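Written below as structure tokens is the structure these notes are about.
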Amino acid sequence: MKSIEKAKVLVIGAGPAGVGVAIGLARRGIKPVILIDRRERVGGVPSLYKKKPGGVPTFVLWTQGRLVFGGQIAARLADKLRASGVEVWLESQVIEIFPGEKKATLVNPTRGRFQVSAEAVVLACGARERTAAERGWITGSRPRGILFTKNMLDLVDQHELHVTCTPAILGSDLIAHAAAAKLNSAGASDAVMVDRSPRPDCSLTARFYFGRWAKPHYQGGARAVTVVGGRSVSAVTPANCAQVPCDLLMICGDLVPNTELALMGDLRVDLPSRRVAVGSDYQLSEPGWFAAGNILGDYHGAEWCYFNGRRVARQVAKYLRRAEAQD
């Protein structure tokens with residue numbers, strides 16, 4: 001392994017929250033700040049939502065009172081980073097952390113395996129959709145044609161594929177309705193949406209907005225569903241409802257914090273929610289470790305995560321000042 005790289009602050013995750021932390025620290029004159037991400041671009045989940053003619057803008061910029069594409073938010077974040085002087089290491093995956101030493105081991109296609117040590121570390125790892133097994137109400141076979149939201153975005157936004165299919169969607173929250181709109185704008189027919197709740201788990205305002213592109217038929221009250229299909233999915237069968245034919249099955253929403261790294265490093269994580277345990281200063285169970293953005297839970301939009309990152313940066317700066325005063 002190569003010699004250890006040193007930073008004042010290491011920020012893990014270059015989504016809106018991580019960018020907010022890095023910029024907030026840079027504007028306080030704290031350097032070097034190293035921002036890392038496993039993807040090839042900054043922006044996190046918003047970067048997957050590409051701006052294109054006929055597309056669906058799904059992100060709200062509350063400070064400007066307008067709806068935009070996620071790619072527009074990612075581009076704004078990249079511009080802010082270029083002006084900040086923050087070091088950004090992309091395609092860099094953290095494979096282990098050492099909380100007591102404030103150190104992490106990374107792998108990178110060009111640098112191989114190496115380590116970074118810092119005086120403070122911020123986890124801005126975001127959230128992910130629960131797997132079918134984690135949800136606990138999806139059974140049956142595992143044929144082709146089952147996608148999560150990120151898989152769908154890769155097809156219809158990044159590769160701009162025209163989708164001619166009859167989709168079913170498991171889940172009914174904001175993400176599920178946005179996915180139905182995305183699929184419809186890419187050529188799919190209106191989806192059938194299946195969930196356990198009697199009514200869609202999404203605000204009437206959001207459903208009205210996404211109804212400009214798709215009006216999914218809702219089938220609620222499903223205690224469990226069985227996925228049907230041989231090589232490819234052909235239907236889903238709710239336990240107490242009529243079978244829903246489909247040739248594409250989307251499993252959407254139901255987010256859980258990305259706390260795998262925290263668990264790996266024995267940082268305190270509350271179970272079964274998987275939220276990291278934080279104090280009022282966003283500090284984790286090990287001094288010098290902080291959390292920002294959707295890893296905290298409650299799942300907010302990109303703009304909230306960015307400003308939360310800025311708030312966390314203030315707390316990190318206070319911690320560093322106290323540590324320097326004690327030295």
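We label chains A, B, ... in the order they appear in the structure tokens, count residues from 1 in each chain, and number ligands from 1 in the order shown.
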Item to complete: Write out as a count of residues only each polymer residue whose atoms come within 12 Å of Pro287 of chain A, counting only C-alpha atoms; drop sequence neighbours fewer than 5 positions from it.
Response: 19
Item to complete: List every residue of segment 32-241 of chain A that DSSP, applied to the backbone of this structure, assigns to strand (DSSP E or B), and report them as JSON, numbers by chain.
Response: {"A": [33, 34, 35, 36, 59, 60, 61, 66, 67, 68, 87, 88, 89, 93, 94, 95, 96, 97, 98, 103, 104, 105, 106, 107, 108, 112, 113, 114, 115, 116, 117, 118, 119, 120, 121, 122, 123, 127, 128, 129, 138, 139, 140, 144, 146, 147, 148, 167, 168, 169, 170, 192, 193, 194, 217, 218, 219, 225, 226, 227, 228, 229, 232, 233, 234, 235, 236, 237, 238]}
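Nearest residue to Pro57 of chain A, choosing from A:Val21, A:Met152, A:Ser84, A:Arg212 and counting only C-alpha atoms: A:Arg212.
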Item to complete: Output as a ChimeraX atom specification all residues of segment 82-280 of chain A that backbone DSSP marks as alpha helix (DSSP H).
Response: /A:82-84,132-135,149-153,174-185,204-210,260-264
Any chance you can output those residues with N, CA and C atoms as a compact mmCIF listing (two decimals), in the first residue's frame?
# COMPACT_ATOMS: atom_id res chain seq x y z
N ARG A 82 -15.42 23.88 -8.32
CA ARG A 82 -14.27 24.36 -9.09
C ARG A 82 -13.78 25.70 -8.56
N ALA A 83 -14.68 26.51 -8.08
CA ALA A 83 -14.31 27.83 -7.56
C ALA A 83 -13.80 27.79 -6.13
N SER A 84 -13.97 26.65 -5.45
CA SER A 84 -13.65 26.58 -4.02
C SER A 84 -12.22 26.15 -3.71
N ALA A 132 -35.55 -5.91 -2.23
CA ALA A 132 -36.81 -6.64 -2.10
C ALA A 132 -36.84 -7.45 -0.81
N ALA A 133 -35.71 -8.06 -0.45
CA ALA A 133 -35.66 -8.85 0.77
C ALA A 133 -35.83 -7.98 2.01
N GLU A 134 -35.24 -6.79 2.00
CA GLU A 134 -35.34 -5.90 3.15
C GLU A 134 -36.77 -5.40 3.36
N ARG A 135 -37.52 -5.28 2.29
CA ARG A 135 -38.89 -4.78 2.42
C ARG A 135 -39.79 -5.79 3.10
N THR A 149 -34.91 2.23 -9.01
CA THR A 149 -35.00 3.55 -9.64
C THR A 149 -33.71 3.92 -10.35
N LYS A 150 -32.57 3.67 -9.73
CA LYS A 150 -31.29 4.03 -10.36
C LYS A 150 -31.06 3.25 -11.65
N ASN A 151 -31.49 1.98 -11.67
CA ASN A 151 -31.37 1.20 -12.91
C ASN A 151 -32.20 1.82 -14.03
N MET A 152 -33.41 2.22 -13.68
CA MET A 152 -34.30 2.84 -14.67
C MET A 152 -33.71 4.15 -15.19
N LEU A 153 -33.16 4.97 -14.28
CA LEU A 153 -32.58 6.24 -14.70
C LEU A 153 -31.41 6.02 -15.64
N LEU A 174 -43.21 9.50 -3.38
CA LEU A 174 -42.82 10.50 -4.37
C LEU A 174 -41.91 9.90 -5.44
N ILE A 175 -40.97 9.05 -5.02
CA ILE A 175 -40.04 8.43 -5.97
C ILE A 175 -40.78 7.55 -6.95
N ALA A 176 -41.76 6.80 -6.47
CA ALA A 176 -42.54 5.91 -7.35
C ALA A 176 -43.32 6.71 -8.38
N HIS A 177 -43.93 7.82 -7.98
CA HIS A 177 -44.68 8.63 -8.94
C HIS A 177 -43.76 9.32 -9.95
N ALA A 178 -42.58 9.74 -9.49
CA ALA A 178 -41.61 10.31 -10.43
C ALA A 178 -41.15 9.25 -11.43
N ALA A 179 -40.95 8.01 -10.95
CA ALA A 179 -40.54 6.93 -11.85
C ALA A 179 -41.61 6.63 -12.89
N ALA A 180 -42.87 6.65 -12.48
CA ALA A 180 -43.97 6.43 -13.43
C ALA A 180 -43.97 7.50 -14.51
N ALA A 181 -43.73 8.75 -14.11
CA ALA A 181 -43.67 9.84 -15.08
C ALA A 181 -42.49 9.68 -16.02
N LYS A 182 -41.33 9.30 -15.47
CA LYS A 182 -40.13 9.09 -16.30
C LYS A 182 -40.37 7.99 -17.33
N LEU A 183 -40.95 6.88 -16.88
CA LEU A 183 -41.20 5.76 -17.80
C LEU A 183 -42.18 6.18 -18.90
N ASN A 184 -43.21 6.88 -18.52
CA ASN A 184 -44.20 7.29 -19.51
C ASN A 184 -43.61 8.24 -20.53
N SER A 185 -42.75 9.17 -20.07
CA SER A 185 -42.13 10.11 -21.01
C SER A 185 -41.15 9.41 -21.94
N LEU A 204 -51.01 14.92 -2.59
CA LEU A 204 -51.90 15.19 -3.72
C LEU A 204 -51.25 16.17 -4.70
N THR A 205 -50.50 17.14 -4.17
CA THR A 205 -49.83 18.11 -5.04
C THR A 205 -48.84 17.42 -5.97
N ALA A 206 -48.02 16.51 -5.41
CA ALA A 206 -47.03 15.80 -6.23
C ALA A 206 -47.71 14.90 -7.24
N ARG A 207 -48.79 14.23 -6.82
CA ARG A 207 -49.50 13.36 -7.76
C ARG A 207 -50.11 14.16 -8.90
N PHE A 208 -50.62 15.36 -8.60
CA PHE A 208 -51.17 16.22 -9.65
C PHE A 208 -50.07 16.66 -10.61
N TYR A 209 -48.90 17.00 -10.05
CA TYR A 209 -47.79 17.45 -10.91
C TYR A 209 -47.33 16.33 -11.84
N PHE A 210 -47.05 15.16 -11.30
CA PHE A 210 -46.56 14.06 -12.13
C PHE A 210 -47.65 13.51 -13.04
N GLU A 260 -23.53 1.56 5.86
CA GLU A 260 -22.65 0.38 5.88
C GLU A 260 -21.26 0.72 6.39
N LEU A 261 -20.71 1.86 5.96
CA LEU A 261 -19.37 2.24 6.43
C LEU A 261 -19.36 2.48 7.94
N ALA A 262 -20.39 3.16 8.43
CA ALA A 262 -20.46 3.43 9.86
C ALA A 262 -20.52 2.12 10.66
N LEU A 263 -21.31 1.17 10.19
CA LEU A 263 -21.39 -0.12 10.86
C LEU A 263 -20.05 -0.85 10.80
N MET A 264 -19.38 -0.76 9.65
CA MET A 264 -18.09 -1.40 9.49
C MET A 264 -17.07 -0.87 10.50
